[in-house]
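Asker: My structure file coords.txt, compact mmCIF, C-alpha atoms and all ligand atoms, is below:
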```
# COMPACT_ATOMS: atom_id res chain seq x y z
CA MET A 1 14.44 -14.36 -17.84
CA PRO A 2 15.43 -16.69 -14.97
CA ARG A 3 17.69 -19.51 -16.09
CA ILE A 4 17.30 -23.16 -15.20
CA GLY A 5 19.55 -24.06 -12.29
CA GLU A 6 19.93 -20.45 -11.23
CA SER A 7 18.88 -21.10 -7.65
CA ALA A 8 21.53 -23.82 -7.33
CA GLN A 9 24.23 -21.33 -8.36
CA ARG A 10 23.09 -18.66 -5.93
CA ARG A 11 25.43 -18.15 -2.99
CA GLY A 12 24.73 -14.64 -1.71
CA ALA A 13 21.91 -13.26 0.43
CA PHE A 14 19.09 -11.16 -0.99
CA ILE A 15 17.53 -8.57 1.36
CA THR A 16 14.80 -6.19 0.24
CA VAL A 17 13.53 -3.14 2.13
CA GLU A 18 9.95 -2.02 1.60
CA GLY A 19 7.44 0.48 2.94
CA GLY A 20 5.54 3.64 2.10
CA GLU A 21 6.91 7.00 0.99
CA GLY A 22 9.58 8.52 3.24
CA ALA A 23 9.67 5.52 5.58
CA GLY A 24 13.47 5.77 5.82
CA LYS A 25 14.46 2.93 3.49
CA SER A 26 17.44 4.69 1.84
CA THR A 27 18.70 5.95 5.21
CA GLN A 28 18.57 2.48 6.76
CA ILE A 29 19.99 0.65 3.73
CA ALA A 30 23.08 2.90 3.86
CA ARG A 31 23.51 2.11 7.57
CA LEU A 32 22.96 -1.65 7.12
CA ALA A 33 25.39 -1.72 4.19
CA ALA A 34 28.08 -0.08 6.33
CA THR A 35 27.50 -2.60 9.13
CA LEU A 36 27.58 -5.60 6.78
CA ARG A 37 30.69 -4.35 4.98
CA ALA A 38 32.46 -4.08 8.33
CA ARG A 39 31.18 -7.30 9.89
CA SER A 40 30.11 -9.93 7.34
CA GLY A 41 33.31 -10.49 5.37
CA ARG A 42 31.26 -10.53 2.13
CA GLY A 43 30.75 -8.02 -0.64
CA VAL A 44 27.64 -5.84 -0.36
CA CYS A 45 25.70 -4.59 -3.38
CA VAL A 46 23.29 -1.69 -2.73
CA THR A 47 20.63 -1.11 -5.34
CA ARG A 48 17.06 0.13 -5.83
CA GLU A 49 13.87 -0.28 -7.81
CA PRO A 50 12.72 0.98 -10.12
CA GLY A 51 16.27 1.28 -11.41
CA GLY A 52 19.57 -0.33 -10.47
CA SER A 53 20.85 -0.83 -14.04
CA PRO A 54 21.29 1.85 -16.75
CA ARG A 55 18.25 0.70 -18.76
CA ALA A 56 16.09 0.30 -15.68
CA GLU A 57 17.08 3.81 -14.53
CA GLU A 58 15.73 5.15 -17.84
CA ILE A 59 12.42 3.40 -17.19
CA ARG A 60 12.45 4.84 -13.64
CA THR A 61 12.64 8.36 -15.01
CA ALA A 62 9.60 7.73 -17.21
CA LEU A 63 7.58 6.05 -14.44
CA LEU A 64 8.23 8.62 -11.72
CA GLY A 65 7.57 11.40 -14.22
CA GLY A 66 4.05 9.99 -14.63
CA LEU A 67 4.47 8.92 -18.29
CA ALA A 68 2.55 5.66 -17.85
CA LYS A 69 -0.08 6.94 -15.41
CA PRO A 70 -2.76 7.58 -18.08
CA TYR A 71 -2.50 3.93 -19.19
CA GLY A 72 -3.40 2.61 -15.72
CA PRO A 73 -1.84 0.24 -13.15
CA PHE A 74 -1.45 -2.72 -15.54
CA ALA A 75 0.72 -0.72 -17.93
CA GLU A 76 2.69 0.66 -14.99
CA ALA A 77 3.19 -2.88 -13.60
CA LEU A 78 4.49 -3.98 -17.02
CA LEU A 79 7.00 -1.13 -17.05
CA PHE A 80 8.14 -1.85 -13.48
CA SER A 81 8.53 -5.49 -14.63
CA ALA A 82 10.55 -4.52 -17.70
CA ALA A 83 12.90 -2.56 -15.46
CA ARG A 84 13.06 -5.49 -13.02
CA ILE A 85 14.01 -8.02 -15.73
CA ASP A 86 17.04 -5.92 -16.72
CA HIS A 87 17.96 -5.20 -13.10
CA LEU A 88 17.84 -8.90 -12.17
CA ASP A 89 19.84 -10.00 -15.21
CA ARG A 90 22.48 -7.27 -15.13
CA LEU A 91 22.99 -6.68 -11.41
CA ILE A 92 21.13 -8.79 -8.85
CA ARG A 93 21.70 -12.33 -10.14
CA PRO A 94 25.41 -11.79 -10.97
CA ALA A 95 25.99 -10.31 -7.48
CA LEU A 96 24.22 -13.25 -5.81
CA ARG A 97 26.25 -15.70 -7.89
CA ARG A 98 29.44 -13.97 -6.67
CA GLY A 99 28.27 -14.58 -3.08
CA GLU A 100 27.53 -10.93 -2.31
CA THR A 101 24.75 -9.62 -0.10
CA VAL A 102 22.29 -7.63 -2.20
CA LEU A 103 20.38 -4.84 -0.41
CA CYS A 104 17.55 -3.65 -2.63
CA ASP A 105 15.40 -0.56 -1.93
CA ARG A 106 11.94 -1.84 -3.02
CA PHE A 107 11.21 -4.99 -5.06
CA ILE A 108 8.18 -7.22 -5.77
CA ASP A 109 6.20 -6.14 -2.70
CA SER A 110 6.08 -2.55 -4.00
CA THR A 111 4.38 -3.80 -7.17
CA ARG A 112 1.96 -5.86 -5.09
CA ALA A 113 1.18 -2.91 -2.83
CA TYR A 114 1.25 0.10 -5.22
CA GLN A 115 -0.15 -1.38 -8.44
CA GLY A 116 -2.10 -4.19 -6.72
CA ALA A 117 -3.70 -3.40 -3.38
CA ALA A 118 -3.65 0.39 -3.70
CA GLY A 119 -3.87 0.66 -7.51
CA GLY A 120 -6.55 -2.00 -7.99
CA LEU A 121 -4.69 -4.42 -10.32
CA ASP A 122 -5.90 -8.05 -10.11
CA PRO A 123 -3.63 -10.10 -7.78
CA GLY A 124 -3.76 -13.00 -10.26
CA VAL A 125 -2.13 -10.81 -12.90
CA LEU A 126 0.57 -9.77 -10.43
CA ASP A 127 1.24 -13.40 -9.43
CA ALA A 128 1.67 -14.37 -13.07
CA LEU A 129 4.03 -11.44 -13.71
CA GLU A 130 6.11 -12.33 -10.65
CA ARG A 131 6.46 -15.94 -11.77
CA VAL A 132 7.68 -14.93 -15.21
CA VAL A 133 9.84 -11.96 -14.22
CA VAL A 134 11.34 -12.98 -10.88
CA GLY A 135 11.21 -16.79 -11.02
CA PRO A 136 13.31 -18.29 -8.22
CA THR A 137 15.12 -15.04 -7.34
CA ARG A 138 13.03 -14.32 -4.23
CA PRO A 139 14.33 -12.30 -1.28
CA ASP A 140 15.72 -14.23 1.70
CA LEU A 141 14.54 -11.44 3.99
CA THR A 142 12.22 -8.48 3.46
CA LEU A 143 12.26 -5.65 6.00
CA ILE A 144 8.97 -3.74 5.92
CA LEU A 145 9.46 -0.27 7.39
CA ASP A 146 6.07 0.63 8.85
CA LEU A 147 5.16 4.28 9.37
CA ALA A 148 1.94 6.33 9.45
CA PRO A 149 1.52 7.69 5.89
CA GLU A 150 1.08 11.26 7.14
CA ALA A 151 4.51 11.08 8.80
CA GLY A 152 6.20 9.49 5.77
CA LEU A 153 4.76 12.00 3.31
CA ALA A 154 5.82 14.86 5.60
CA ARG A 155 9.37 13.48 5.72
CA ALA A 156 9.46 13.11 1.92
CA ALA A 157 8.09 16.64 1.43
CA ALA A 158 10.61 18.14 3.88
CA ARG A 159 13.45 16.41 2.07
CA ALA A 160 12.19 17.57 -1.35
CA GLY A 161 12.39 21.18 -0.10
CA GLY A 162 9.56 22.54 -2.29
CA GLN A 163 10.51 20.56 -5.43
CA GLY A 164 7.06 18.96 -5.64
CA ALA A 165 5.79 15.39 -5.29
CA ASP A 166 6.56 12.62 -7.80
CA ARG A 167 3.98 10.34 -9.49
CA PHE A 168 3.20 8.25 -6.40
CA GLU A 169 3.84 10.79 -3.63
CA ALA A 170 1.11 12.88 -5.27
CA GLU A 171 -1.57 10.18 -4.75
CA THR A 172 -4.36 10.72 -2.20
CA LEU A 173 -3.93 10.03 1.51
CA ASP A 174 -6.44 7.19 1.13
CA PHE A 175 -4.09 5.55 -1.44
CA HIS A 176 -1.22 5.75 1.04
CA ILE A 177 -3.37 4.32 3.84
CA ARG A 178 -4.25 1.35 1.58
CA LEU A 179 -0.54 0.95 0.83
CA ARG A 180 0.36 0.67 4.49
CA GLY A 181 -2.35 -1.97 4.98
CA ALA A 182 -1.08 -3.86 1.94
CA PHE A 183 2.51 -4.05 3.22
CA LEU A 184 1.30 -5.26 6.63
CA ALA A 185 -0.90 -7.89 4.95
CA ILE A 186 2.10 -9.16 2.93
CA ALA A 187 4.08 -9.48 6.18
CA ARG A 188 1.24 -11.45 7.80
CA ALA A 189 0.94 -13.75 4.77
CA GLU A 190 4.71 -14.46 4.53
CA PRO A 191 6.13 -14.28 8.06
CA ALA A 192 9.14 -16.48 7.23
CA ARG A 193 10.35 -13.96 4.63
CA CYS A 194 9.11 -10.66 6.08
CA ALA A 195 9.77 -8.68 9.27
CA VAL A 196 7.89 -5.48 10.17
CA ILE A 197 10.07 -2.71 11.63
CA ASP A 198 8.52 0.24 13.48
CA ALA A 199 9.95 3.13 11.42
CA GLY A 200 8.36 5.89 13.51
CA ARG A 201 11.29 6.00 15.92
CA ASP A 202 14.57 7.90 15.64
CA PRO A 203 17.05 6.60 13.01
CA ASP A 204 19.38 4.97 15.59
CA SER A 205 16.51 2.96 17.12
CA VAL A 206 15.29 1.83 13.69
CA GLU A 207 18.85 0.83 12.79
CA ALA A 208 19.20 -1.22 15.99
CA ALA A 209 15.92 -3.06 15.28
CA ILE A 210 17.01 -3.85 11.73
CA ARG A 211 20.42 -5.08 12.87
CA ALA A 212 18.85 -7.38 15.47
CA THR A 213 16.42 -8.74 12.88
CA VAL A 214 19.16 -9.44 10.32
CA ALA A 215 21.27 -11.11 13.04
CA ALA A 216 18.34 -13.34 14.02
CA ARG A 217 17.13 -14.21 10.50
CA LEU A 218 20.45 -14.42 8.64
CA PRO A 219 23.01 -15.10 11.39
CA GLU A 220 25.78 -15.91 8.89
CA LEU A 221 25.83 -12.20 7.95
CA LEU A 222 26.40 -10.93 11.51
CA PRO A 223 28.38 -13.64 13.31
CA GLY A 224 28.04 -13.56 17.08
CA GLU A 225 25.02 -11.24 17.11
CA GLY A 226 22.28 -13.77 16.40
CA THR A 227 21.03 -14.42 19.91
CA ARG A 228 18.95 -11.30 20.53
CA GLY A 229 16.08 -12.22 18.19
CA ASP A 230 13.88 -9.88 16.16
CA ALA A 231 13.56 -6.46 17.78
CA ALA A 232 11.08 -4.75 15.51
N1 LIG A 301 7.00 1.85 -7.04
C1 LIG A 301 8.18 1.18 -6.97
C2 LIG A 301 5.84 1.24 -7.53
O1 LIG A 301 4.78 1.86 -7.60
N2 LIG A 301 5.90 -0.07 -7.92
C3 LIG A 301 7.07 -0.79 -7.89
O2 LIG A 301 7.10 -1.97 -8.27
C4 LIG A 301 8.26 -0.13 -7.38
C5 LIG A 301 9.56 -0.89 -7.33
C6 LIG A 301 9.92 4.97 -6.14
C7 LIG A 301 8.44 5.01 -6.36
O3 LIG A 301 8.05 3.95 -7.21
C8 LIG A 301 6.95 3.27 -6.63
C9 LIG A 301 7.05 3.51 -5.17
C10 LIG A 301 7.66 4.88 -5.06
O4 LIG A 301 6.63 5.85 -5.06
P1 LIG A 301 11.46 6.59 -4.79
O5 LIG A 301 11.88 8.00 -5.04
O6 LIG A 301 12.50 5.54 -4.84
O7 LIG A 301 10.30 6.24 -5.80
O8 LIG A 301 10.62 6.63 -3.49
P2 LIG A 301 10.82 5.94 -2.11
O9 LIG A 301 11.30 4.54 -2.31
O10 LIG A 301 9.57 6.14 -1.34
O11 LIG A 301 12.04 6.71 -1.51
P3 LIG A 301 12.08 7.90 -0.54
O12 LIG A 301 13.49 8.41 -0.67
O13 LIG A 301 10.97 8.84 -0.73
O14 LIG A 301 11.87 7.27 0.87
P4 LIG A 301 12.79 6.43 1.80
O15 LIG A 301 14.00 5.93 1.10
O16 LIG A 301 11.94 5.44 2.47
O17 LIG A 301 13.23 7.47 2.90
P5 LIG A 301 14.63 8.22 3.16
O18 LIG A 301 15.58 7.35 3.86
O19 LIG A 301 15.07 8.86 1.89
O20 LIG A 301 14.13 9.32 4.20
C11 LIG A 301 13.23 10.33 3.84
C12 LIG A 301 13.52 11.58 4.71
O21 LIG A 301 13.22 11.26 6.07
C13 LIG A 301 14.39 11.38 6.89
C14 LIG A 301 15.58 11.37 5.94
O22 LIG A 301 16.67 12.08 6.44
C15 LIG A 301 14.99 12.01 4.69
O23 LIG A 301 15.05 13.41 4.78
N3 LIG A 301 14.38 10.25 7.81
C16 LIG A 301 13.92 10.32 9.07
N4 LIG A 301 13.40 11.35 9.80
C17 LIG A 301 13.00 11.08 11.09
N5 LIG A 301 13.12 9.84 11.67
C18 LIG A 301 13.63 8.81 10.99
N6 LIG A 301 13.74 7.59 11.57
C19 LIG A 301 14.06 9.03 9.63
N7 LIG A 301 14.59 8.22 8.66
C20 LIG A 301 14.77 8.98 7.56
```
Will you turn the file into structure tokens for me?
Answerer:
Amino acid sequence: MPRIGESAQRRGAFITVEGGEGAGKSTQIARLAATLRARSGRGVCVTREPGGSPRAEEIRTALLGGLAKPYGPFAEALLFSAARIDHLDRLIRPALRRGETVLCDRFIDSTRAYQGAAGGLDPGVLDALERVVVGPTRPDLTLILDLAPEAGLARAAARAGGQGADRFEAETLDFHIRLRGAFLAIARAEPARCAVIDAGRDPDSVEAAIRATVAARLPELLPGEGTRGDAA
């Protein structure tokens, strides 16, 4: 649970990366982490959801294996939240208190989009869960990697090399189209926190857009690069 005064102790920067399946989040987080390690002079903590701590990784295995699917999106949201509580307590908040930059592959917006907009769970329930689970530990910047679902699913399938789709990759195309709309709606609703990145381009171009956005939004992380503005 969030502790009183936590936000006052927080010194690091919290960046989340969101988007549909195969949008290139892991690829771009690795590149951004390398850039920040070389340029920012701060520690960088790379993590992911669901997962990021040993207990949360156990819940990840159950969720992506489809264990909670028969119970519906509310039960799945509760399990994602249980994983998130442990992840925040064990990894994210301690890293932020140490002044590190936390780069997290998926966070609250994935619950809003997958279990909420695409899965049909009441937004009021999700708001209440967020308040209890996340409290003041909100991202400073959320990069939303936007890509046509057909392209993202094809990338994910090519990478899997015939291993088969996981719980969410196996959803209908209509589900993935709703997901894309949900992420774009979140970006429109919270423009100060979110930036949409066109993820349909080659990896170097996507990386350059992300770097320019981080430099513009969080200039203390990339000193001397903050004048180019967002280049999504
Ligand atoms: N979930 C998660 C919820 O439902 N609710 C929640 O609250 C949370 C937190 C997680 C699943 O859980 C769901 C959402 C997800 O379905 P996951 O395995 O972590 O599962 O799935 P993803 O986060 O979607 O991860 P992926 O690895 O599938 O996608 P990425 O990280 O976006 O993509 P990446 O970088 O691995 O790239 C995929 C492939 O494309 C290539 C890469 O080389 C790779 O082969 N690629 C590109 N190809 C062409 N052009 C580019 N620009 C490319 N960038 C990468």
Asker: For a quick check of understanding, using only C-alpha atoms, which of A:Gly72, A:Gly24, A:Leu91, A:Ala38 has the smallest distance to A:Pro54?
Answerer: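 Among A:Gly72, A:Gly24, A:Leu91, A:Ala38, it is A:Leu91 that comes nearest to A:Pro54.
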Asker: Calculate how many Å separate atom CA of A:Leu153 from atom CA of A:Glu169, rounding to one decimal.
Answerer: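 That distance, rounded to one decimal, is 7.1 Å.
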Asker: Counting all atoms listed in the file, which protein, DNA or RNA residues come within 6 Å of ligand LIG 301 (chain A), given as a PyMOL selection string?
Answerer: chain A and resi 20-27+49-50+80+106-108+110-111+114-115+155-156+159+168-169+199-203
Asker: Nearest to A:Arg217 among A:Asp140, A:Asp105, A:Asp127, A:Glu18, with distances taken over all atoms listed in the file: which residue is it?
Answerer: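 Answer, going by the shortest atom-to-atom distance: A:Asp140.
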Asker: Hey, can you check how far atom CA of A:Ser205 sits from atom CA of A:Gln28?
Answerer: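 Atom-to-atom, atom CA of A:Ser205 and atom CA of A:Gln28 are spaced 10.6 Å apart.
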